[in-house]
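Trainee: Dropping in work-v6.txt, which is compact mmCIF, C-alpha atoms and all ligand atoms:
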```
# COMPACT_ATOMS: atom_id res chain seq x y z
CA MET B 2 320.07 78.74 -9.65
CA LYS B 3 316.41 78.49 -10.66
CA HIS B 4 315.39 80.25 -7.44
CA TYR B 5 317.88 83.02 -8.26
CA ARG B 6 316.45 83.45 -11.77
CA ASP B 7 312.91 83.46 -10.48
CA HIS B 8 313.71 86.17 -7.95
CA TYR B 9 314.53 88.78 -10.64
CA PHE B 10 311.81 87.53 -12.96
CA GLN B 11 309.17 87.84 -10.21
CA LYS B 12 310.53 91.19 -9.05
CA ALA B 13 310.28 92.57 -12.60
CA LYS B 14 306.69 91.35 -12.80
CA GLN B 15 305.79 92.95 -9.47
CA GLU B 16 307.45 96.23 -10.42
CA ALA B 17 305.81 96.23 -13.88
CA TYR B 18 309.00 96.05 -15.94
CA PRO B 19 308.73 93.93 -19.08
CA ALA B 20 312.06 92.13 -18.46
CA ARG B 21 314.35 91.14 -15.60
CA SER B 22 317.24 92.82 -17.44
CA VAL B 23 316.22 96.11 -15.81
CA TYR B 24 318.10 95.05 -12.65
CA LYS B 25 321.38 94.92 -14.56
CA LEU B 26 320.98 98.58 -15.53
CA LYS B 27 319.90 99.42 -11.97
CA GLU B 28 323.12 97.85 -10.65
CA ILE B 29 325.16 99.74 -13.26
CA GLN B 30 323.40 102.97 -12.28
CA LYS B 31 324.03 102.35 -8.57
CA LYS B 32 327.74 101.80 -9.15
CA PHE B 33 328.52 104.28 -11.94
CA SER B 34 325.68 106.91 -11.86
CA VAL B 35 325.55 107.01 -15.63
CA LEU B 36 322.03 108.49 -15.89
CA GLN B 37 321.20 111.95 -14.52
CA GLU B 38 318.03 113.98 -14.41
CA GLY B 39 317.48 115.87 -17.67
CA ASP B 40 319.81 113.66 -19.74
CA ARG B 41 319.25 112.76 -23.38
CA VAL B 42 319.70 109.00 -23.69
CA LEU B 43 320.11 106.70 -26.67
CA ASP B 44 318.98 103.15 -25.75
CA LEU B 45 320.10 100.55 -28.30
CA GLY B 46 318.55 97.07 -28.31
CA ALA B 47 315.61 98.37 -26.31
CA ALA B 48 312.95 95.62 -26.70
CA PRO B 49 310.91 94.74 -24.72
CA GLY B 50 311.59 98.06 -23.00
CA SER B 51 312.69 97.65 -19.39
CA TRP B 52 315.93 99.64 -19.76
CA THR B 53 313.97 102.34 -21.60
CA LEU B 54 311.41 102.62 -18.79
CA PHE B 55 314.11 102.80 -16.13
CA ALA B 56 316.12 105.36 -18.12
CA ALA B 57 312.94 107.45 -18.54
CA GLU B 58 312.37 107.33 -14.75
CA ARG B 59 315.94 108.42 -14.05
CA VAL B 60 316.08 111.29 -16.56
CA GLY B 61 312.57 112.51 -15.67
CA LYS B 62 310.28 114.69 -17.72
CA LYS B 63 313.05 117.14 -18.65
CA GLY B 64 315.10 114.31 -20.19
CA ARG B 65 314.56 112.40 -23.44
CA VAL B 66 315.09 108.74 -24.36
CA LEU B 67 315.40 107.54 -27.95
CA ALA B 68 314.92 103.76 -27.92
CA VAL B 69 315.92 101.63 -30.92
CA ASP B 70 315.44 97.94 -31.66
CA LEU B 71 315.18 95.53 -34.57
CA GLN B 72 311.82 94.45 -33.16
CA ALA B 73 308.71 96.58 -32.89
CA ILE B 74 307.44 97.30 -29.36
CA GLU B 75 303.73 97.84 -28.80
CA ARG B 76 303.24 99.72 -25.55
CA ASP B 77 302.46 103.14 -24.14
CA TRP B 78 305.64 105.01 -23.33
CA PRO B 79 306.20 107.87 -20.91
CA GLU B 80 306.10 111.19 -22.80
CA GLN B 81 309.90 111.60 -22.76
CA VAL B 82 310.41 108.36 -24.77
CA CYS B 83 310.46 107.93 -28.54
CA PHE B 84 310.83 104.47 -30.09
CA ARG B 85 312.29 103.73 -33.54
CA GLN B 86 312.44 100.30 -35.11
CA GLY B 87 315.75 99.79 -36.92
CA ASP B 88 318.99 97.87 -37.30
CA LEU B 89 322.02 99.56 -35.79
CA LEU B 90 324.37 97.38 -37.87
CA CYS B 91 322.72 98.59 -41.05
CA PRO B 92 320.76 101.76 -40.27
CA ASP B 93 318.22 102.87 -42.86
CA PRO B 94 318.02 106.58 -43.74
CA ASP B 95 315.12 107.13 -41.27
CA LEU B 96 317.14 105.77 -38.34
CA SER B 97 320.29 107.69 -39.32
CA GLU B 98 318.20 110.85 -39.58
CA ALA B 99 316.60 110.27 -36.16
CA LEU B 100 320.00 109.68 -34.53
CA ALA B 101 321.42 112.84 -36.09
CA ALA B 102 318.34 114.89 -35.15
CA TRP B 103 318.40 113.75 -31.50
CA ALA B 104 322.17 114.07 -31.02
CA PRO B 105 324.08 115.01 -28.99
CA PHE B 106 323.21 112.40 -26.37
CA ASP B 107 324.51 112.55 -22.81
CA VAL B 108 324.45 108.78 -22.45
CA LEU B 109 324.44 105.87 -24.89
CA ILE B 110 323.33 102.52 -23.44
CA SER B 111 323.34 99.27 -25.40
CA ASP B 112 321.89 95.97 -24.26
CA MET B 113 321.95 94.68 -27.86
CA ALA B 114 322.42 90.93 -28.06
CA PRO B 115 322.49 88.58 -31.04
CA GLN B 116 320.19 85.64 -31.54
CA THR B 117 322.50 83.03 -30.08
CA THR B 118 323.49 80.08 -32.25
CA GLY B 119 324.99 77.92 -29.47
CA ILE B 120 328.34 78.08 -31.29
CA LYS B 121 330.47 79.87 -28.72
CA LEU B 122 332.92 81.68 -30.99
CA ARG B 123 330.17 82.68 -33.42
CA ASP B 124 328.02 84.13 -30.61
CA GLN B 125 331.03 85.99 -29.17
CA THR B 126 331.79 87.46 -32.60
CA LEU B 127 328.19 88.56 -33.15
CA SER B 128 328.07 90.18 -29.70
CA PHE B 129 331.41 91.91 -30.34
CA GLU B 130 330.05 93.36 -33.62
CA LEU B 131 327.03 94.78 -31.78
CA ALA B 132 329.08 96.27 -28.92
CA LYS B 133 331.57 97.71 -31.44
CA SER B 134 328.80 99.29 -33.50
CA ALA B 135 327.35 100.84 -30.31
CA PHE B 136 330.80 102.25 -29.51
CA GLU B 137 331.19 103.56 -33.07
CA CYS B 138 327.80 105.23 -32.74
CA CYS B 139 329.31 107.46 -30.02
CA ALA B 140 331.27 109.31 -32.72
CA GLY B 141 329.16 112.25 -33.80
CA HIS B 142 326.31 111.36 -31.41
CA LEU B 143 327.70 111.38 -27.84
CA ALA B 144 328.37 114.72 -26.15
CA PRO B 145 331.82 115.41 -24.67
CA GLY B 146 331.86 114.10 -21.09
CA GLY B 147 329.11 111.59 -21.97
CA GLY B 148 328.67 108.06 -20.65
CA PHE B 149 328.50 104.72 -22.42
CA VAL B 150 327.30 101.25 -21.40
CA ALA B 151 327.46 98.21 -23.69
CA LYS B 152 326.74 94.55 -23.18
CA ILE B 153 329.31 92.15 -24.58
CA PHE B 154 329.80 88.39 -24.37
CA ASP B 155 333.21 87.42 -22.98
CA GLY B 156 335.50 86.51 -25.87
CA PRO B 157 338.88 87.01 -27.49
CA ASP B 158 337.94 90.38 -29.09
CA VAL B 159 336.93 92.13 -25.85
CA PRO B 160 340.44 93.56 -25.11
CA GLU B 161 340.46 95.18 -28.57
CA LEU B 162 337.25 97.06 -27.78
CA ILE B 163 338.48 98.06 -24.32
CA ALA B 164 341.67 99.44 -25.89
CA ALA B 165 339.63 101.44 -28.42
CA MET B 166 337.38 102.77 -25.63
CA ARG B 167 340.40 103.84 -23.55
CA LYS B 168 341.34 106.26 -26.36
CA ARG B 169 337.90 107.91 -26.21
CA PHE B 170 336.85 107.84 -22.55
CA ALA B 171 338.56 109.21 -19.44
CA LYS B 172 337.60 106.02 -17.54
CA VAL B 173 336.75 102.52 -18.78
CA LYS B 174 335.50 99.73 -16.53
CA GLY B 175 334.15 96.21 -16.94
CA PHE B 176 331.17 95.16 -14.81
CA LYS B 177 329.31 91.90 -14.26
CA PRO B 178 325.98 92.57 -12.50
CA LYS B 179 324.81 90.12 -9.83
CA SER B 180 321.46 89.98 -11.61
CA SER B 181 323.09 88.51 -14.75
CA ARG B 182 322.29 84.83 -14.95
CA GLU B 183 325.12 82.87 -13.40
CA GLU B 184 325.60 80.81 -16.54
CA SER B 185 325.65 83.92 -18.75
CA LYS B 186 328.91 84.95 -20.39
CA GLU B 187 327.78 88.55 -20.67
CA SER B 188 329.36 91.51 -19.00
CA PHE B 189 329.13 95.27 -19.51
CA LEU B 190 331.72 97.77 -20.64
CA ILE B 191 331.31 101.19 -19.06
CA GLY B 192 332.88 104.33 -20.50
CA LEU B 193 332.80 107.57 -18.51
CA GLY B 194 333.87 111.04 -19.64
CA TYR B 195 333.76 110.84 -23.44
CA THR B 196 336.58 112.80 -24.95
CA GLY B 197 335.41 112.59 -28.58
C1 LIG V 201 318.56 91.48 -24.23
S1 LIG V 201 317.47 92.23 -25.35
C2 LIG V 201 317.34 93.84 -24.70
C3 LIG V 201 316.50 93.94 -23.44
C4 LIG V 201 316.14 95.38 -23.12
N1 LIG V 201 317.33 96.15 -22.76
C5 LIG V 201 315.18 95.46 -21.95
O1 LIG V 201 315.65 95.72 -20.84
O2 LIG V 201 313.99 95.26 -22.15
C6 LIG V 201 318.51 92.47 -26.74
C7 LIG V 201 317.86 93.23 -27.90
O3 LIG V 201 318.85 93.59 -28.86
C8 LIG V 201 318.18 93.76 -30.09
N2 LIG V 201 319.14 93.82 -31.21
C9 LIG V 201 319.97 92.84 -31.63
N3 LIG V 201 320.65 93.24 -32.72
C10 LIG V 201 320.25 94.52 -32.98
C11 LIG V 201 320.59 95.46 -34.00
N4 LIG V 201 321.46 95.16 -34.96
N5 LIG V 201 319.99 96.67 -33.98
C12 LIG V 201 319.06 96.98 -33.03
N6 LIG V 201 318.70 96.11 -32.05
C13 LIG V 201 319.28 94.89 -32.02
C14 LIG V 201 317.28 92.50 -30.13
O4 LIG V 201 316.23 92.68 -31.06
C15 LIG V 201 316.80 92.41 -28.66
O5 LIG V 201 315.52 92.98 -28.51
```
Would it be possible to restate this file's structure as structure tokens?
Mentor:
Amino acid sequence: MKHYRDHYFQKAKQEAYPARSVYKLKEIQKKFSVLQEGDRVLDLGAAPGSWTLFAAERVGKKGRVLAVDLQAIERDWPEQVCFRQGDLLCPDPDLSEALAAWAPFDVLISDMAPQTTGIKLRDQTLSFELAKSAFECCAGHLAPGGGFVAKIFDGPDVPELIAAMRKRFAKVKGFKPKSSREESKESFLIGLGYTG
């Protein structure tokens, strides 16, 4: 398993991405084509920035990426990227204003994850709250027909979120990337064709 972990870690280093998590989004993109050239993207839980960089590559110079995280990120971004530090669970007026000003987005991606406590049910609940808040952020921010990707830890609340998504997206799928660590309980919920 160590060899497996090292493969994506080393690959990210060689390809100048700040985290191995980029390969999860690459797998999602390969399977679901969520990001298109020229798209406006909202990237939630963006630090240290590998999803943001990949999204910026995919949407190109005509697209825009608004990246948000609790933590500050010090780096030079491509010109189509704007970073805002903030808490999606409790957005301050600056973050709410930025989200409203940038909307509508074509795609909302969330790799938000809680600081794990090691208490399984607690971690599942925290992850559920983050995925649910990303989904709720679609209302008023995601364009009709838009796409949605959210990380969630497997747990008893996942079916509730899938059911809520089914009312708002033409298609809803679950996906576990090969590049996720084998021991990880994370998977991704994909929503395609937002109906508002
Ligand atoms: C797995 S990391 C994201 C990795 C990132 N996608 C990348 O590829 O570089 C999860 C991130 O979620 C952020 N996060 C957790 N709770 C958040 C919240 N309430 N609002 C915004 N970001 C949050 C954490 O600060 C952390 O940086």
Trainee: Give me, as number ranges by chain, the set of residues whose atoms come within 7 Å of any atom of ligand LIG 201 (chain V), counting only C-alpha atoms and all ligand atoms.
Mentor: B: 19-20, 22-23, 45-53, 69-72, 87-90, 112-115, 131
Trainee: For a quick check of understanding, using only C-alpha atoms, which of B:Glu75, B:Asp155, B:Tyr195, B:Ser97 has the smallest distance to Ala140 of chain B?
Mentor: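 Among the listed residues, the smallest separation from Ala140 of chain B belongs to B:Tyr195.
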Trainee: Taking only C-alpha atoms into account, which of B:Leu43, B:Ile191, B:Ala56, B:Ile120 comes nearest Leu100 of chain B?
Mentor: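 Comparing B:Leu43, B:Ile191, B:Ala56, B:Ile120 against Leu100 of chain B, the winner is B:Leu43.
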Trainee: At a cut-off of 10 Å from (323.4, 114.3, -28.7) in the coordinates of the file, what residues are picked up using all atoms listed in the file, written as JSON, numbers by chain?
Mentor: {"B": [40, 41, 42, 43, 100, 101, 102, 103, 104, 105, 106, 107, 108, 109, 139, 141, 142, 143, 144, 145, 147]}
Trainee: As an exercise, work out the distance from atom CA of Val150 of chain B to atom CA of Ile110 of chain B in Å and give it to one decimal place.
Mentor: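 If I compute the distance from atom CA of Val150 of chain B to atom CA of Ile110 of chain B, I get 4.6 Å.
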Trainee: Expressed in Å to a single decimal, how great is the separation between atom CA of Glu38 of chain B and atom CA of Ala165 of chain B?
Mentor: 28.6 Å
Trainee: Tell me which protein, DNA and RNA residues are within 12 Å of Lys177 of chain B, counting all atoms listed in the file, leaving out same-chain ones fewer than 5 positions away, and put them as an mmCIF file with C-alpha atoms, keeping the file's coordinate frame.
Mentor:
```cif
data_model
loop_
_atom_site.group_PDB
_atom_site.id
_atom_site.type_symbol
_atom_site.label_atom_id
_atom_site.label_comp_id
_atom_site.auth_asym_id
_atom_site.auth_seq_id
_atom_site.Cartn_x
_atom_site.Cartn_y
_atom_site.Cartn_z
ATOM 1 C CA TYR B 24 318.100 95.050 -12.650
ATOM 2 C CA LYS B 25 321.380 94.920 -14.560
ATOM 3 C CA LEU B 26 320.980 98.580 -15.530
ATOM 4 C CA GLU B 28 323.120 97.850 -10.650
ATOM 5 C CA ILE B 29 325.160 99.740 -13.260
ATOM 6 C CA LYS B 32 327.740 101.800 -9.150
ATOM 7 C CA VAL B 150 327.300 101.250 -21.400
ATOM 8 C CA ALA B 151 327.460 98.210 -23.690
ATOM 9 C CA LYS B 152 326.740 94.550 -23.180
ATOM 10 C CA ILE B 153 329.310 92.150 -24.580
ATOM 11 C CA PHE B 154 329.800 88.390 -24.370
ATOM 12 C CA ASP B 155 333.210 87.420 -22.980
ATOM 13 C CA ARG B 182 322.290 84.830 -14.950
ATOM 14 C CA GLU B 183 325.120 82.870 -13.400
ATOM 15 C CA GLU B 184 325.600 80.810 -16.540
ATOM 16 C CA SER B 185 325.650 83.920 -18.750
ATOM 17 C CA LYS B 186 328.910 84.950 -20.390
ATOM 18 C CA GLU B 187 327.780 88.550 -20.670
ATOM 19 C CA SER B 188 329.360 91.510 -19.000
ATOM 20 C CA PHE B 189 329.130 95.270 -19.510
ATOM 21 C CA LEU B 190 331.720 97.770 -20.640
ATOM 22 C CA ILE B 191 331.310 101.190 -19.060
#
```
Trainee: Report, in Å with one decimal, the straight-line distance from atom CA of Thr118 of chain B to atom CA of Pro157 of chain B.
Mentor: 17.5 Å
Trainee: Calculated over only C-alpha atoms, which of the candidates B:Leu193, B:Leu127, B:Val66, B:Leu122 has the smallest distance to Ala99 of chain B?
Mentor: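 Between B:Leu193, B:Leu127, B:Val66, B:Leu122, the residue approaching Ala99 of chain B most closely is B:Val66.
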Trainee: Taking into account only C-alpha atoms, which residue in the set B:Gly148, B:Pro92, B:Glu130, B:Gly156 is nearest to Leu36 of chain B?
Mentor: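 For Leu36 of chain B, the nearest of the given residues is B:Gly148.
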Trainee: Please fill the gaps in segment 151-177 of chain B so it has N, CA and C atoms, and write that as a PDB file, keeping the file's coordinate frame.
Mentor:
```
ATOM      1  N   ALA B 151     327.761  99.182 -22.639  1.00  0.00           N
ATOM      2  CA  ALA B 151     327.460  98.210 -23.690  1.00  0.00           C
ATOM      3  C   ALA B 151     327.637  96.792 -23.190  1.00  0.00           C
ATOM      4  N   LYS B 152     326.633  95.979 -23.495  1.00  0.00           N
ATOM      5  CA  LYS B 152     326.740  94.550 -23.180  1.00  0.00           C
ATOM      6  C   LYS B 152     327.674  93.888 -24.186  1.00  0.00           C
ATOM      7  N   ILE B 153     328.470  92.946 -23.682  1.00  0.00           N
ATOM      8  CA  ILE B 153     329.310  92.150 -24.580  1.00  0.00           C
ATOM      9  C   ILE B 153     329.492  90.761 -23.991  1.00  0.00           C
ATOM     10  N   PHE B 154     329.512  89.745 -24.842  1.00  0.00           N
ATOM     11  CA  PHE B 154     329.800  88.390 -24.370  1.00  0.00           C
ATOM     12  C   PHE B 154     331.318  88.258 -24.252  1.00  0.00           C
ATOM     13  N   ASP B 155     331.771  87.633 -23.156  1.00  0.00           N
ATOM     14  CA  ASP B 155     333.210  87.420 -22.980  1.00  0.00           C
ATOM     15  C   ASP B 155     333.765  86.712 -24.221  1.00  0.00           C
ATOM     16  N   GLY B 156     334.933  87.145 -24.674  1.00  0.00           N
ATOM     17  CA  GLY B 156     335.500  86.510 -25.870  1.00  0.00           C
ATOM     18  C   GLY B 156     336.838  87.125 -26.197  1.00  0.00           C
ATOM     19  N   PRO B 157     337.525  86.582 -27.196  1.00  0.00           N
ATOM     20  CA  PRO B 157     338.880  87.010 -27.490  1.00  0.00           C
ATOM     21  C   PRO B 157     339.001  88.445 -28.002  1.00  0.00           C
ATOM     22  N   ASP B 158     337.874  89.022 -28.520  1.00  0.00           N
ATOM     23  CA  ASP B 158     337.940  90.380 -29.090  1.00  0.00           C
ATOM     24  C   ASP B 158     337.722  91.480 -28.048  1.00  0.00           C
ATOM     25  N   VAL B 159     337.296  91.104 -26.839  1.00  0.00           N
ATOM     26  CA  VAL B 159     336.930  92.130 -25.850  1.00  0.00           C
ATOM     27  C   VAL B 159     338.088  93.107 -25.558  1.00  0.00           C
ATOM     28  N   PRO B 160     339.339  92.623 -25.382  1.00  0.00           N
ATOM     29  CA  PRO B 160     340.440  93.560 -25.110  1.00  0.00           C
ATOM     30  C   PRO B 160     340.622  94.610 -26.206  1.00  0.00           C
ATOM     31  N   GLU B 161     340.333  94.229 -27.452  1.00  0.00           N
ATOM     32  CA  GLU B 161     340.460  95.180 -28.570  1.00  0.00           C
ATOM     33  C   GLU B 161     339.474  96.351 -28.387  1.00  0.00           C
ATOM     34  N   LEU B 162     338.248  96.007 -27.975  1.00  0.00           N
ATOM     35  CA  LEU B 162     337.250  97.060 -27.780  1.00  0.00           C
ATOM     36  C   LEU B 162     337.595  97.921 -26.559  1.00  0.00           C
ATOM     37  N   ILE B 163     338.077  97.284 -25.510  1.00  0.00           N
ATOM     38  CA  ILE B 163     338.480  98.060 -24.320  1.00  0.00           C
ATOM     39  C   ILE B 163     339.595  99.035 -24.688  1.00  0.00           C
ATOM     40  N   ALA B 164     340.550  98.566 -25.480  1.00  0.00           N
ATOM     41  CA  ALA B 164     341.670  99.440 -25.890  1.00  0.00           C
ATOM     42  C   ALA B 164     341.147 100.619 -26.704  1.00  0.00           C
ATOM     43  N   ALA B 165     340.197 100.352 -27.601  1.00  0.00           N
ATOM     44  CA  ALA B 165     339.630 101.440 -28.420  1.00  0.00           C
ATOM     45  C   ALA B 165     338.876 102.421 -27.522  1.00  0.00           C
ATOM     46  N   MET B 166     338.142 101.892 -26.544  1.00  0.00           N
ATOM     47  CA  MET B 166     337.380 102.770 -25.630  1.00  0.00           C
ATOM     48  C   MET B 166     338.325 103.642 -24.813  1.00  0.00           C
ATOM     49  N   ARG B 167     339.467 103.071 -24.402  1.00  0.00           N
ATOM     50  CA  ARG B 167     340.400 103.840 -23.550  1.00  0.00           C
ATOM     51  C   ARG B 167     340.908 105.092 -24.255  1.00  0.00           C
ATOM     52  N   LYS B 168     340.885 105.070 -25.607  1.00  0.00           N
ATOM     53  CA  LYS B 168     341.340 106.260 -26.360  1.00  0.00           C
ATOM     54  C   LYS B 168     340.251 107.332 -26.403  1.00  0.00           C
ATOM     55  N   ARG B 169     339.040 106.980 -26.051  1.00  0.00           N
ATOM     56  CA  ARG B 169     337.900 107.910 -26.210  1.00  0.00           C
ATOM     57  C   ARG B 169     337.192 108.268 -24.913  1.00  0.00           C
ATOM     58  N   PHE B 170     337.504 107.555 -23.831  1.00  0.00           N
ATOM     59  CA  PHE B 170     336.850 107.840 -22.550  1.00  0.00           C
ATOM     60  C   PHE B 170     337.919 108.044 -21.466  1.00  0.00           C
ATOM     61  N   ALA B 171     337.620 108.954 -20.529  1.00  0.00           N
ATOM     62  CA  ALA B 171     338.560 109.210 -19.440  1.00  0.00           C
ATOM     63  C   ALA B 171     338.699 107.972 -18.554  1.00  0.00           C
ATOM     64  N   LYS B 172     337.571 107.233 -18.374  1.00  0.00           N
ATOM     65  CA  LYS B 172     337.600 106.020 -17.540  1.00  0.00           C
ATOM     66  C   LYS B 172     336.869 104.902 -18.243  1.00  0.00           C
ATOM     67  N   VAL B 173     337.427 103.689 -18.196  1.00  0.00           N
ATOM     68  CA  VAL B 173     336.750 102.520 -18.780  1.00  0.00           C
ATOM     69  C   VAL B 173     336.773 101.399 -17.750  1.00  0.00           C
ATOM     70  N   LYS B 174     335.615 100.817 -17.522  1.00  0.00           N
ATOM     71  CA  LYS B 174     335.500  99.730 -16.530  1.00  0.00           C
ATOM     72  C   LYS B 174     334.709  98.575 -17.120  1.00  0.00           C
ATOM     73  N   GLY B 175     334.982  97.375 -16.632  1.00  0.00           N
ATOM     74  CA  GLY B 175     334.150  96.210 -16.940  1.00  0.00           C
ATOM     75  C   GLY B 175     333.284  95.915 -15.725  1.00  0.00           C
ATOM     76  N   PHE B 176     332.075  95.397 -15.941  1.00  0.00           N
ATOM     77  CA  PHE B 176     331.170  95.160 -14.810  1.00  0.00           C
ATOM     78  C   PHE B 176     330.289  93.961 -15.117  1.00  0.00           C
ATOM     79  N   LYS B 177     330.187  93.067 -14.124  1.00  0.00           N
ATOM     80  CA  LYS B 177     329.310  91.900 -14.260  1.00  0.00           C
ATOM     81  C   LYS B 177     328.236  92.024 -13.169  1.00  0.00           C
TER      82      LYS B 177
END
```
